[in-house]
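Novice: Have a look at this one.
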Amino acid sequence: VQLQASGGGLVQPGGSLRLSCAASGRTSSNYVMGWFRQAPGKEREFVAAIRWSGGSTYHAASVKGRFTISRENSRENAKKTVYLQMNSLKPEDTAVYYCAAQSGVILSSISRHDQYKNWGQGTLVTVSS
């Protein structure tokens with residue numbers, strides 16, 4: 001499966017951005033698609049994830065209430081797209097954001113980046129005045 005992330009940029013504190021991740025290739029209904037981020041000098045951390053079948057969502061405590069993950073399935077081109085709507089952005093949200101996808105991820109492991117084998121190229125989000 002190929003993942004293409006987009007939507008990053010520079011935004012002022014309190015602003016909003018929407019990231020997109022388009023998945024193409026062989027995907028299945030039991031896929032989990034997630035967003036992770038990595039700030040300079042820090043480890044990659046979980047942001048949010050969504051189960052493609054059923055649409056259950058999971059958000060890290062640090063972003064809950066500010067970020068929302070959602071999905072869209074295009075029948076025209078067989079692409080699955082996941083969005084990360086980011087509101088009330090803070091300087092500490094500055095990072096490279098990566099989308100990831102994997103089948104069969106269990107709930108207890110959904111926030112572990114080592115459970116995901118398919119990764120997009122990353123998109124930089126900078127929150128600064």
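Chain identifiers are assigned as A, B, and so on, following the order in which chains appear in the structure tokens; residues are numbered from 1 within each chain, and ligands are numbered from 1 in order of appearance.
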What lies within 8 Å of range 22-32 of chain A using only C-alpha atoms, ignoring chain neighbours under 4 positions off, as number ranges by chain?
Specialist: A: 1-5, 49-53, 78-82, 101-105
Novice: Select, from A:Ala39, A:Met33, A:Gln115, A:Glu72, the residue with the minimum atom-to-atom distance to Asp93 in chain A, counting only C-alpha atoms.
Specialist: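 For Asp93 in chain A, the nearest of the given residues is A:Ala39.
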Novice: Quick check for you: according to DSSP on this backbone, which residues of chain A are classed as strand (DSSP E)? Reply as an NGL selection string.
Specialist: :A and (2-6 or 9-11 or 17-24 or 31-38 or 45-51 or 57-59 or 67-73 or 80-86 or 95-103 or 118-119 or 123-127)
Novice: Pick from A:Ser88, A:Gly34, A:Pro40, A:Thr94: nearest to Lys117 in chain A, with only C-alpha atoms counted?
Specialist: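 Going through A:Ser88, A:Gly34, A:Pro40, A:Thr94 one by one, the smallest distance to Lys117 in chain A is for A:Gly34.
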Novice: Excluding range 109-111 of chain A and residues on its chain fewer than 2 positions from it, collect all residues at most 9 Å away from it, counting only C-alpha atoms, and give them as a list in words.
Specialist: Val32, Gly34, Phe36, Glu45, Phe46, Val47, Ala48, Ala49, Tyr58, His59, Ala60, Val105, Ile106, Leu107, His113, Asp114, Gln115 and Tyr116 of chain A
Novice: Those selected residues, please, written with C-alpha atoms and delivered as a CSV table (one decimal), in the first residue's frame.
Specialist:
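File produced: out_7.csv:
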```csv
chain,number,residue,atom,x,y,z
A,32,VAL,CA,-6.1,0.8,10.8
A,34,GLY,CA,-3.0,6.4,12.0
A,36,PHE,CA,2.1,9.9,14.3
A,45,GLU,CA,4.6,9.7,19.1
A,46,PHE,CA,1.0,8.6,18.4
A,47,VAL,CA,-1.5,11.2,17.5
A,48,ALA,CA,-4.7,9.5,16.3
A,49,ALA,CA,-5.9,6.4,14.6
A,58,TYR,CA,-8.6,6.9,19.0
A,59,HIS,CA,-6.8,10.1,19.9
A,60,ALA,CA,-3.8,10.8,22.1
A,105,VAL,CA,-3.6,-3.9,14.7
A,106,ILE,CA,-5.2,-4.8,18.0
A,107,LEU,CA,-6.5,-2.1,20.3
A,113,HIS,CA,4.5,3.0,15.8
A,114,ASP,CA,6.3,-0.3,15.5
A,115,GLN,CA,3.0,-2.0,14.7
A,116,TYR,CA,2.7,-0.2,11.4
```
Novice: How many Å separate CA of Ser70 in chain A from CA of Met86 in chain A?
Specialist: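 The value is 11.4 Å.
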Novice: Please identify the helix (DSSP H, G or I) residues within chain A (assignment by DSSP from backbone atoms) and present them as a list of chain:residue names.
Specialist: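 These are the residues in question: A:Pro91, A:Glu92, A:Asp93, A:Leu107, A:Ser108, A:Ser109, A:His113, A:Asp114, A:Gln115.
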Novice: Rank A:Leu89, A:Ser16, A:Gly41, A:Tyr98 by their smallest atom-to-atom distance to Gly120 in chain A, using only C-alpha atoms, and report the top residue only.
Specialist: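 For Gly120 in chain A, the nearest of the candidates is A:Tyr98.
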